[in-house]
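Next up, entry_16.txt (compact mmCIF, C-alpha atoms):
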# COMPACT_ATOMS: atom_id res chain seq x y z
CA MET A 3 -60.22 -103.26 93.62
CA ALA A 4 -59.85 -104.59 90.10
CA ASN A 5 -60.32 -102.07 87.32
CA LEU A 6 -62.30 -103.61 84.45
CA GLN A 7 -61.99 -100.60 82.16
CA SER A 8 -61.01 -101.63 78.66
CA ASN A 9 -59.13 -99.85 75.91
CA PHE A 10 -59.29 -102.00 72.80
CA VAL A 11 -57.47 -100.40 69.83
CA GLY A 12 -58.35 -97.00 71.25
CA ILE A 13 -62.01 -97.88 71.82
CA LYS A 14 -62.77 -97.35 75.49
CA SER A 15 -65.48 -99.11 77.49
CA PRO A 16 -66.16 -99.58 81.22
CA ASN A 17 -65.59 -103.34 80.97
CA PRO A 18 -64.35 -105.84 78.36
CA PHE A 19 -67.78 -107.41 77.78
CA TRP A 20 -69.31 -106.47 74.42
CA LEU A 21 -72.37 -107.85 72.73
CA ALA A 22 -71.50 -109.39 69.37
CA SER A 23 -73.08 -108.43 66.08
CA ALA A 24 -76.28 -110.50 66.13
CA PRO A 25 -80.03 -110.26 66.87
CA PRO A 26 -79.43 -108.73 70.35
CA THR A 27 -77.85 -105.65 68.74
CA ASP A 28 -80.30 -105.18 65.88
CA LYS A 29 -82.02 -102.05 67.13
CA GLU A 30 -81.86 -99.08 69.48
CA TYR A 31 -84.33 -100.57 71.97
CA ASN A 32 -82.19 -103.66 72.52
CA VAL A 33 -78.92 -101.76 72.78
CA ARG A 34 -80.28 -99.29 75.32
CA ARG A 35 -81.49 -102.18 77.47
CA ALA A 36 -78.08 -103.81 77.14
CA PHE A 37 -76.25 -100.68 78.26
CA GLU A 38 -78.62 -100.22 81.19
CA ALA A 39 -77.84 -103.80 82.21
CA GLY A 40 -74.12 -103.02 82.25
CA TRP A 41 -72.61 -104.17 78.94
CA GLY A 42 -69.42 -102.32 78.09
CA GLY A 43 -70.05 -102.17 74.37
CA VAL A 44 -71.91 -103.54 71.39
CA VAL A 45 -71.15 -104.43 67.82
CA TRP A 46 -74.28 -103.30 65.99
CA LYS A 47 -75.87 -106.02 63.87
CA THR A 48 -74.43 -106.05 60.37
CA LEU A 49 -75.55 -103.24 58.08
CA GLY A 50 -75.72 -103.65 54.30
CA GLU A 51 -75.71 -101.20 51.45
CA GLN A 52 -78.60 -98.98 50.43
CA GLY A 53 -80.68 -100.78 47.84
CA PRO A 54 -83.01 -103.78 47.64
CA PRO A 55 -84.15 -104.73 51.14
CA VAL A 56 -82.82 -107.82 52.89
CA VAL A 57 -85.65 -110.32 53.37
CA ASN A 58 -85.46 -112.88 56.16
CA VAL A 59 -87.51 -116.06 56.43
CA ASN A 60 -90.81 -115.86 58.30
CA GLY A 61 -90.48 -119.33 59.73
CA PRO A 62 -88.09 -120.75 62.35
CA ARG A 63 -84.64 -119.18 62.23
CA TYR A 64 -82.88 -121.17 64.94
CA GLY A 65 -81.97 -124.78 65.55
CA ALA A 66 -80.58 -126.02 68.87
CA ILE A 67 -78.37 -128.68 70.41
CA TYR A 68 -79.16 -129.51 74.04
CA GLY A 69 -77.38 -131.23 76.88
CA ALA A 70 -79.02 -133.99 78.90
CA ASP A 71 -80.64 -131.40 81.19
CA ARG A 72 -81.92 -129.40 78.17
CA ARG A 73 -79.27 -126.79 78.75
CA LEU A 74 -78.60 -125.04 75.45
CA LEU A 75 -75.17 -126.10 74.19
CA GLY A 76 -75.28 -124.87 70.62
CA LEU A 77 -77.47 -122.61 68.52
CA ASN A 78 -77.73 -122.69 64.75
CA ASN A 79 -79.18 -119.64 63.00
CA ILE A 80 -80.20 -118.94 59.41
CA GLU A 81 -80.95 -115.26 59.97
CA LEU A 82 -79.40 -112.75 57.57
CA ILE A 83 -77.92 -109.32 58.26
CA THR A 84 -80.30 -106.58 59.42
CA ASP A 85 -83.49 -106.32 57.41
CA ARG A 86 -84.19 -102.84 58.76
CA PRO A 87 -83.53 -99.78 56.53
CA LEU A 88 -79.97 -98.45 56.60
CA GLU A 89 -81.17 -94.91 57.35
CA ILE A 90 -83.09 -96.05 60.45
CA ASN A 91 -80.13 -98.01 61.76
CA LEU A 92 -77.81 -95.05 61.30
CA GLN A 93 -80.19 -92.70 63.11
CA GLU A 94 -80.47 -95.13 66.03
CA ILE A 95 -76.70 -95.67 66.25
CA LYS A 96 -76.20 -91.91 66.44
CA ALA A 97 -78.83 -91.54 69.18
CA VAL A 98 -77.38 -94.39 71.26
CA LYS A 99 -73.81 -93.12 71.03
CA ARG A 100 -74.97 -89.62 71.98
CA ASP A 101 -76.72 -90.91 75.11
CA TYR A 102 -74.03 -93.45 76.12
CA PRO A 103 -70.74 -91.75 75.27
CA ASP A 104 -68.77 -93.98 77.65
CA ARG A 105 -69.86 -97.22 75.93
CA ALA A 106 -68.24 -98.77 72.88
CA VAL A 107 -70.41 -98.73 69.76
CA VAL A 108 -68.84 -100.58 66.83
CA VAL A 109 -70.77 -101.09 63.60
CA SER A 110 -70.60 -104.34 61.65
CA LEU A 111 -70.61 -103.90 57.88
CA MET A 112 -71.10 -106.14 54.86
CA VAL A 113 -71.43 -104.82 51.32
CA PRO A 114 -70.47 -106.24 47.91
CA CYS A 115 -66.77 -106.75 47.28
CA GLU A 116 -66.46 -103.50 45.32
CA GLU A 117 -64.45 -100.48 46.48
CA GLU A 118 -67.19 -97.98 45.61
CA ALA A 119 -69.69 -99.83 47.79
CA TRP A 120 -67.36 -99.58 50.79
CA LYS A 121 -66.47 -95.96 50.07
CA ALA A 122 -70.18 -95.11 50.01
CA ILE A 123 -71.13 -96.61 53.38
CA LEU A 124 -68.09 -95.66 55.47
CA PRO A 125 -68.80 -91.89 55.73
CA LEU A 126 -72.40 -92.64 56.67
CA VAL A 127 -71.21 -94.70 59.62
CA GLU A 128 -68.59 -92.12 60.60
CA GLU A 129 -71.27 -89.46 60.82
CA THR A 130 -73.04 -91.39 63.59
CA GLY A 131 -70.07 -90.96 65.94
CA ALA A 132 -69.53 -94.72 66.13
CA ASP A 133 -66.23 -95.83 67.67
CA GLY A 134 -65.21 -98.26 64.95
CA ILE A 135 -66.28 -100.74 62.31
CA GLU A 136 -66.15 -104.52 62.13
CA LEU A 137 -65.89 -106.07 58.68
CA ASN A 138 -68.15 -109.12 58.57
CA PHE A 139 -66.04 -111.63 56.65
CA GLY A 140 -67.53 -114.61 58.42
CA CYS A 141 -71.26 -115.08 57.88
CA PRO A 142 -71.53 -118.63 56.44
CA HIS A 143 -75.11 -118.60 55.16
CA GLY A 144 -77.31 -116.51 52.93
CA MET A 145 -74.91 -113.67 52.25
CA ALA A 146 -72.01 -115.98 51.39
CA GLU A 147 -74.04 -117.24 48.44
CA ARG A 148 -74.10 -113.63 47.24
CA GLY A 149 -70.34 -113.23 47.32
CA MET A 150 -70.10 -111.62 50.77
CA GLY A 151 -69.42 -112.78 54.35
CA ALA A 152 -67.49 -116.05 54.48
CA ALA A 153 -67.05 -115.96 50.71
CA VAL A 154 -64.70 -113.03 51.29
CA GLY A 155 -63.21 -114.31 54.55
CA GLN A 156 -62.13 -117.58 52.95
CA VAL A 157 -59.95 -115.79 50.40
CA PRO A 158 -57.00 -114.01 52.07
CA GLU A 159 -56.43 -111.81 49.02
CA TYR A 160 -59.99 -110.46 49.33
CA VAL A 161 -59.57 -109.93 53.08
CA GLU A 162 -56.45 -107.83 52.52
CA MET A 163 -57.99 -105.93 49.62
CA VAL A 164 -61.20 -104.89 51.39
CA THR A 165 -59.33 -104.06 54.58
CA ARG A 166 -57.08 -101.72 52.60
CA TRP A 167 -60.10 -100.03 51.05
CA CYS A 168 -61.59 -99.39 54.46
CA LYS A 169 -58.37 -98.16 56.05
CA ALA A 170 -57.91 -95.74 53.17
CA ASN A 171 -61.43 -94.34 53.48
CA THR A 172 -62.15 -94.03 57.19
CA ARG A 173 -60.57 -92.63 60.32
CA MET A 174 -62.32 -95.26 62.47
CA PRO A 175 -60.50 -98.34 63.80
CA VAL A 176 -61.09 -101.31 61.51
CA ILE A 177 -61.72 -104.71 63.10
CA VAL A 178 -61.84 -107.71 60.74
CA LYS A 179 -64.17 -110.52 61.81
CA LEU A 180 -62.71 -113.86 60.72
CA THR A 181 -64.52 -116.99 59.63
CA PRO A 182 -63.74 -120.35 61.27
CA ASN A 183 -64.83 -122.12 58.08
CA ILE A 184 -61.28 -122.32 56.80
CA THR A 185 -58.31 -124.67 57.02
CA ASN A 186 -55.82 -122.29 58.64
CA VAL A 187 -57.00 -119.15 60.42
CA LEU A 188 -53.52 -117.65 60.23
CA ASN A 189 -53.88 -116.99 56.52
CA PRO A 190 -56.81 -114.53 56.74
CA ALA A 191 -55.40 -113.11 59.97
CA MET A 192 -52.12 -112.25 58.26
CA ALA A 193 -54.05 -110.88 55.29
CA ALA A 194 -56.03 -108.59 57.59
CA MET A 195 -52.80 -107.48 59.23
CA ASN A 196 -51.18 -106.81 55.86
CA GLY A 197 -54.22 -104.77 54.86
CA GLY A 198 -53.70 -102.54 57.89
CA ALA A 199 -56.43 -103.89 60.19
CA ASP A 200 -56.36 -102.48 63.69
CA ALA A 201 -57.59 -105.80 65.11
CA VAL A 202 -59.34 -109.05 64.31
CA SER A 203 -62.35 -110.60 65.99
CA LEU A 204 -63.08 -114.33 65.98
CA ILE A 205 -64.73 -116.63 65.59
CA ASN A 206 -67.80 -116.05 63.50
CA THR A 207 -70.29 -118.90 63.33
CA ILE A 208 -69.45 -122.39 62.07
CA ASN A 209 -71.25 -123.83 59.05
CA SER A 210 -73.63 -126.47 60.33
CA ILE A 211 -76.82 -128.48 60.22
CA THR A 212 -77.93 -129.19 63.77
CA GLY A 213 -80.62 -131.77 63.08
CA VAL A 214 -82.95 -133.48 60.64
CA ASP A 215 -86.72 -133.72 61.01
CA LEU A 216 -87.22 -137.42 60.34
CA ASP A 217 -90.94 -136.97 59.67
CA VAL A 218 -90.53 -134.53 56.77
CA MET A 219 -86.94 -135.57 56.00
CA ALA A 220 -85.52 -132.05 55.97
CA PRO A 221 -82.88 -130.17 57.98
CA MET A 222 -84.04 -128.16 60.98
CA PRO A 223 -85.14 -125.44 61.24
CA THR A 224 -87.50 -126.44 58.45
CA ILE A 225 -89.11 -123.85 56.18
CA ASP A 226 -92.02 -125.27 54.14
CA GLY A 227 -90.39 -128.68 53.85
CA LYS A 228 -86.85 -127.46 53.16
CA GLY A 229 -83.86 -126.56 55.31
CA THR A 230 -80.43 -125.05 54.86
CA HIS A 231 -77.04 -124.85 56.51
CA GLY A 232 -76.64 -122.13 59.11
CA GLY A 233 -74.18 -120.61 61.55
CA TYR A 234 -73.40 -122.57 64.74
CA CYS A 235 -72.54 -120.76 67.97
CA GLY A 236 -72.83 -121.13 71.74
CA PRO A 237 -70.87 -123.03 74.42
CA ALA A 238 -70.18 -125.93 72.06
CA VAL A 239 -67.92 -123.80 69.82
CA LYS A 240 -65.79 -122.36 72.63
CA PRO A 241 -62.91 -124.90 72.29
CA ILE A 242 -62.66 -124.23 68.57
CA ALA A 243 -62.71 -120.49 69.10
CA MET A 244 -60.06 -120.55 71.83
CA ASN A 245 -57.71 -122.60 69.68
CA MET A 246 -58.01 -120.14 66.81
CA VAL A 247 -57.43 -117.18 69.12
CA ALA A 248 -54.35 -118.90 70.54
CA GLU A 249 -53.00 -119.72 67.08
CA ILE A 250 -53.01 -116.04 66.15
CA ALA A 251 -51.69 -114.88 69.52
CA ARG A 252 -48.72 -117.28 69.56
CA ASN A 253 -47.70 -116.89 65.93
CA ALA A 254 -44.66 -114.64 65.55
CA GLU A 255 -46.08 -112.81 62.53
CA THR A 256 -49.47 -112.06 64.09
CA ALA A 257 -48.62 -111.89 67.79
CA THR A 258 -48.98 -108.10 67.90
CA LEU A 259 -52.43 -108.13 66.29
CA PRO A 260 -55.14 -107.25 68.85
CA ILE A 261 -57.88 -109.86 69.16
CA SER A 262 -61.52 -109.63 70.22
CA GLY A 263 -62.52 -113.13 71.35
CA ILE A 264 -65.88 -114.59 70.35
CA GLY A 265 -67.38 -118.04 70.72
CA GLY A 266 -69.40 -119.52 73.56
CA VAL A 267 -68.52 -116.95 76.25
CA THR A 268 -71.14 -117.60 78.94
CA THR A 269 -69.40 -116.88 82.24
CA TRP A 270 -66.64 -114.66 83.60
CA ARG A 271 -64.36 -117.70 83.55
CA ASP A 272 -64.90 -118.17 79.82
CA ALA A 273 -63.95 -114.55 79.30
CA ALA A 274 -60.84 -114.87 81.47
CA GLU A 275 -59.74 -117.95 79.51
CA PHE A 276 -60.09 -116.15 76.16
CA MET A 277 -58.17 -113.17 77.51
CA ALA A 278 -55.44 -115.35 79.01
CA LEU A 279 -54.95 -116.80 75.53
CA GLY A 280 -54.48 -113.34 74.02
CA ALA A 281 -57.89 -111.70 73.52
CA GLY A 282 -58.05 -108.06 74.60
CA ASN A 283 -61.79 -108.27 75.18
CA VAL A 284 -64.69 -110.64 74.46
CA GLN A 285 -67.96 -110.53 72.57
CA VAL A 286 -71.07 -112.41 73.67
CA CYS A 287 -74.23 -113.46 71.84
CA THR A 288 -75.76 -116.86 72.66
CA ALA A 289 -75.50 -116.41 76.43
CA ALA A 290 -77.47 -113.16 76.22
CA MET A 291 -80.05 -114.78 73.93
CA THR A 292 -80.40 -117.66 76.39
CA TYR A 293 -80.41 -115.86 79.75
CA GLY A 294 -81.05 -112.19 78.96
CA PHE A 295 -78.89 -109.09 79.17
CA LYS A 296 -78.46 -109.17 82.96
CA ILE A 297 -76.10 -112.11 82.68
CA VAL A 298 -73.38 -109.47 82.31
CA GLU A 299 -73.77 -108.65 86.02
CA GLU A 300 -72.39 -112.08 86.93
CA MET A 301 -69.61 -111.69 84.38
CA ILE A 302 -68.57 -108.33 85.82
CA SER A 303 -68.70 -109.39 89.47
CA GLY A 304 -67.08 -112.75 88.84
CA LEU A 305 -64.18 -111.37 86.82
CA SER A 306 -63.64 -108.56 89.32
CA GLN A 307 -63.54 -110.95 92.28
CA TRP A 308 -61.15 -113.34 90.49
CA MET A 309 -58.84 -110.47 89.55
CA ASP A 310 -58.80 -109.29 93.17
CA GLU A 311 -57.94 -112.79 94.36
CA LYS A 312 -55.10 -113.07 91.83
CA GLY A 313 -53.80 -109.55 92.44
CA HIS A 314 -54.60 -108.24 88.96
CA THR A 315 -55.43 -104.54 88.98
CA SER A 316 -56.40 -104.34 85.30
CA THR A 317 -57.37 -106.77 82.56
CA ALA A 318 -54.13 -105.95 80.76
CA ASP A 319 -52.30 -107.73 83.59
CA PHE A 320 -53.38 -111.19 82.44
CA VAL A 321 -54.15 -110.78 78.73
CA GLY A 322 -51.91 -113.28 76.95
CA MET A 323 -50.46 -114.82 80.13
CA ALA A 324 -51.32 -118.35 78.96
CA THR A 325 -50.12 -117.84 75.40
CA PRO A 326 -46.45 -118.83 76.02
CA ASN A 327 -47.67 -122.12 77.47
CA VAL A 328 -49.53 -123.08 74.29
CA THR A 329 -47.12 -125.26 72.35
CA ASP A 330 -47.03 -127.95 69.69
CA TRP A 331 -47.36 -131.59 70.75
CA GLN A 332 -43.75 -132.35 69.87
CA TYR A 333 -42.51 -130.02 72.61
CA LEU A 334 -44.49 -131.59 75.46
CA ASN A 335 -42.41 -133.14 78.26
CA LEU A 336 -42.72 -136.91 77.91
CA ASN A 337 -40.98 -137.38 81.23
CA HIS A 338 -43.91 -135.82 83.10
CA VAL A 339 -45.83 -138.77 84.57
CA THR A 340 -49.16 -138.82 86.41
CA LYS A 341 -51.38 -141.59 87.76
CA ALA A 342 -55.11 -141.67 88.50
CA VAL A 343 -56.19 -141.80 92.14
CA ILE A 344 -59.75 -142.72 93.24
CA ASN A 345 -61.06 -141.28 96.51
CA GLU A 346 -63.11 -144.16 97.89
CA ASP A 347 -64.93 -141.89 100.34
CA ASP A 348 -66.38 -139.84 97.46
CA CYS A 349 -67.01 -142.79 95.15
CA ILE A 350 -70.72 -143.57 94.54
CA LYS A 351 -69.85 -146.98 93.01
CA CYS A 352 -71.48 -146.20 89.67
CA GLY A 353 -68.74 -148.04 87.80
CA ARG A 354 -68.40 -145.56 84.95
CA CYS A 355 -64.64 -145.30 85.36
CA TYR A 356 -64.28 -149.07 85.31
CA ALA A 357 -66.49 -149.55 82.24
CA ALA A 358 -64.76 -146.79 80.30
CA CYS A 359 -61.26 -147.96 81.14
CA GLU A 360 -61.96 -151.68 80.74
CA ASP A 361 -63.80 -151.40 77.43
CA THR A 362 -62.16 -148.47 75.69
CA SER A 363 -58.88 -147.62 77.37
CA HIS A 364 -56.06 -149.49 79.14
CA GLN A 365 -57.72 -151.87 81.63
CA ALA A 366 -56.12 -149.94 84.46
CA ILE A 367 -59.02 -150.02 86.96
CA GLU A 368 -60.04 -153.11 88.88
CA MET A 369 -63.39 -153.75 90.56
CA THR A 370 -63.80 -155.94 93.63
CA GLU A 371 -66.88 -158.06 94.34
CA ASP A 372 -68.24 -155.35 96.65
CA ARG A 373 -67.71 -152.70 93.94
CA VAL A 374 -64.62 -151.01 95.26
CA PHE A 375 -62.58 -149.50 92.43
CA LYS A 376 -58.82 -149.24 92.46
CA VAL A 377 -56.28 -148.01 89.91
CA LYS A 378 -53.60 -150.40 88.70
CA ASP A 379 -50.60 -148.09 88.51
CA ASP A 380 -48.65 -150.47 86.32
CA GLU A 381 -51.35 -150.23 83.62
CA CYS A 382 -52.42 -146.61 84.05
CA VAL A 383 -51.15 -144.36 81.23
CA ALA A 384 -52.69 -141.22 82.73
CA CYS A 385 -55.11 -140.68 79.85
CA ASN A 386 -57.56 -138.87 82.19
CA LEU A 387 -60.63 -140.64 80.75
CA CYS A 388 -61.75 -141.84 84.18
CA VAL A 389 -61.65 -138.27 85.50
CA ASN A 390 -63.76 -137.06 82.59
CA VAL A 391 -66.49 -139.71 82.85
CA CYS A 392 -66.79 -139.71 86.65
CA PRO A 393 -70.05 -137.95 87.69
CA VAL A 394 -68.59 -136.85 91.05
CA GLU A 395 -66.32 -133.85 90.68
CA GLY A 396 -63.00 -134.36 92.44
CA CYS A 397 -63.55 -138.04 93.15
CA ILE A 398 -60.82 -139.07 90.72
CA THR A 399 -57.70 -136.96 90.43
CA MET A 400 -54.34 -137.23 88.73
CA ARG A 401 -51.24 -137.42 90.95
CA THR A 402 -47.95 -136.22 89.53
CA LEU A 403 -45.05 -138.58 90.24
CA GLU A 404 -42.05 -136.82 91.71
CA PRO A 405 -38.73 -136.74 89.84
CA GLY A 406 -36.81 -139.93 90.57
CA GLU A 407 -39.94 -141.79 91.65
CA MET A 408 -40.24 -145.11 89.84
CA ASP A 409 -42.90 -145.42 87.15
CA GLU A 410 -44.28 -148.91 87.75
CA ARG A 411 -45.45 -149.18 84.13
CA THR A 412 -42.00 -148.69 82.63
CA GLY A 413 -39.79 -149.54 85.58
CA GLN A 414 -37.88 -146.34 84.92
CA PRO A 415 -37.47 -143.22 87.06
CA VAL A 416 -39.75 -140.33 86.19
CA SER A 417 -36.98 -137.80 85.69
CA GLY A 418 -34.76 -138.11 82.67
CA GLU A 419 -32.68 -136.27 80.12
CA TYR A 420 -35.27 -136.12 77.36
CA GLY A 421 -37.41 -133.02 77.69
CA ASN A 422 -39.37 -133.24 74.46
CA TRP A 423 -40.44 -135.63 71.74
CA LEU A 424 -37.98 -134.32 69.17
CA ALA A 425 -35.12 -135.54 71.35
CA HIS A 426 -36.81 -138.68 72.65
CA PRO A 427 -35.14 -141.93 71.53
CA ASN A 428 -38.54 -143.46 70.75
CA ASN A 429 -39.17 -140.77 68.15
CA PRO A 430 -38.55 -142.28 64.67
CA SER A 431 -37.11 -138.98 63.52
CA ALA A 432 -34.56 -139.02 66.31
CA GLN A 433 -33.68 -142.64 65.55
CA ALA A 434 -33.20 -141.77 61.89
CA ALA A 435 -30.97 -138.86 62.83
CA GLU A 436 -28.76 -141.19 64.84

Represent the structure of the file as structure tokens.
Amino acid sequence: MANLQSNFVGIKSPNPFWLASAPPTDKEYNVRRAFEAGWGGVVWKTLGEQGPPVVNVNGPRYGAIYGADRRLLGLNNIELITDRPLEINLQEIKAVKRDYPDRAVVVSLMVPCEEEAWKAILPLVEETGADGIELNFGCPHGMAERGMGAAVGQVPEYVEMVTRWCKANTRMPVIVKLTPNITNVLNPAMAAMNGGADAVSLINTINSITGVDLDVMAPMPTIDGKGTHGGYCGPAVKPIAMNMVAEIARNAETATLPISGIGGVTTWRDAAEFMALGAGNVQVCTAAMTYGFKIVEEMISGLSQWMDEKGHTSTADFVGMATPNVTDWQYLNLNHVTKAVINEDDCIKCGRCYAACEDTSHQAIEMTEDRVFKVKDDECVACNLCVNVCPVEGCITMRTLEPGEMDERTGQPVSGEYGNWLAHPNNPSAQAAE
């Protein structure tokens, strides 16, 4: 049987599924319900310094992007960090950790970019018995305008500086939460590493406006006729998040930096993909907000069954397994050739593949008078568009041509001496070198 127990930078939990710092982890009541449902850990919603209270809007806080079936694809939020008193949060964190000693309880923190402010809050968190802290350097709205959140995360020097302050003033593991609202995620990741961070977590939400109310002409959600940018999350951001995780995991300078993967994790498969790309565990928010805390049951059972099928006895067995296969475009094998194949028995004759290929691709699919669709191998460039637009899963597949088999498009054998674009004679750089 697969063992889902997780040990992330010394923080132990019964499984790698944590709830991310967000509304679901804002109070003791929620967190207790989450642990009863089976979550392995939580990152408590971001705490701020003692002082003037945080005031959230009393109107809509979320905007949504839906699929054709009204399935929630993306969620935009304009909610700030916790608006509950620091003392109450600390008392509740202590009570939860006391009653659930086997679960991970990490506390997200955001205070002004001043060393004294960080030195003041760290011992208060330590006293709760929390397992670690997460530095919120990613929040793109509200707090960023006050010089915190993404305003810190977008400046590597600040990331390194604050991380050093925290490492010097706490015994707890320090996880740095990175913003995706940046050109190159490696810069803040390396800064966190240089500052002594035990790990990074990513991604935080993406700066966004999800819609405009065309009646009042204001962004949604609309507050008294006005709107603002917010943080975008959910299944729609998963590809962006996975790329950033992979960039850190495959970079020589940051490859040893533990990663907590965040961004659109909805199923066990999503979690497995993040972990295969180098994440030691995953954090979840939108899926829990959409389906409730018990969604973790499917994640646990699904991941366990898949691990059994693959022969993995622990999550460490497959963490990072896909990372070596993430490469730059120039190193892809241009001698690898595939062709589309349409299974006529499964075809429902909708014509989507034909329309897409004829109008926007390479005119590689022909349609007979009785609506039978066939691939013209001599025109097919294996772009995969027909597979992606076909509504019947598995109806169109890509067949790999065997080495030595003739490619009808080029008239050349599939196998060849050129294994990558740098060496390919059609590469202008290679021609110039000659």

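Atom pair atom CA of A:Leu82 / atom CA of A:Asn58 has a distance of 6.2 Å (rounded to one decimal).
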
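Relative to atom CA of A:Leu77, atom CA of A:Asp226 is found at 20.6 Å.
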
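Residues lying within 8 Å of (-63.3, -140.3, 95.4). Counted over all atoms listed in the file, they are Val343, Ile344, Asn345, Glu346, Asp347, Asp348, Cys349, Val394, Gly396, Cys397 and Ile398 of chain A.
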
One decimal place gives the atom CA of A:Ala199-atom CA of A:Asn171 separation as 12.7 Å

Show me, as a list in words, the residues that have an atom within 9 Å of A:Ile225 when counting all atoms listed in the file, minus same-chain residues fewer than 5 positions from it. Val59, Asn60, Gly61, Pro62, Arg63, Ala220 and Thr230 of chain A

Excluding stretch 115-117 of chain A and its own-chain neighbours fewer than 5 positions away, which residues fall within 10 Å of it when counting all atoms listed in the file? Please give them as a VMD selection string. chain A and resid 122 149 to 151 153 to 154 160 to 161 163 to 164 166 to 168 171

So that each row is one residue of stretch 50-154 of chain A with an atom at most 10 Å from stretch 289-305 of chain A, can you give its shortest atom pair and the distance in Å to one decimal, using only C-alpha atoms, rows by chain and rising number, as CSV?
residue,atom,partner,partner_atom,distance
A:Arg73,CA,A:Thr292,CA,9.5
A:Leu74,CA,A:Thr292,CA,7.7
A:Leu75,CA,A:Ala289,CA,10.0
A:Leu77,CA,A:Thr292,CA,9.7
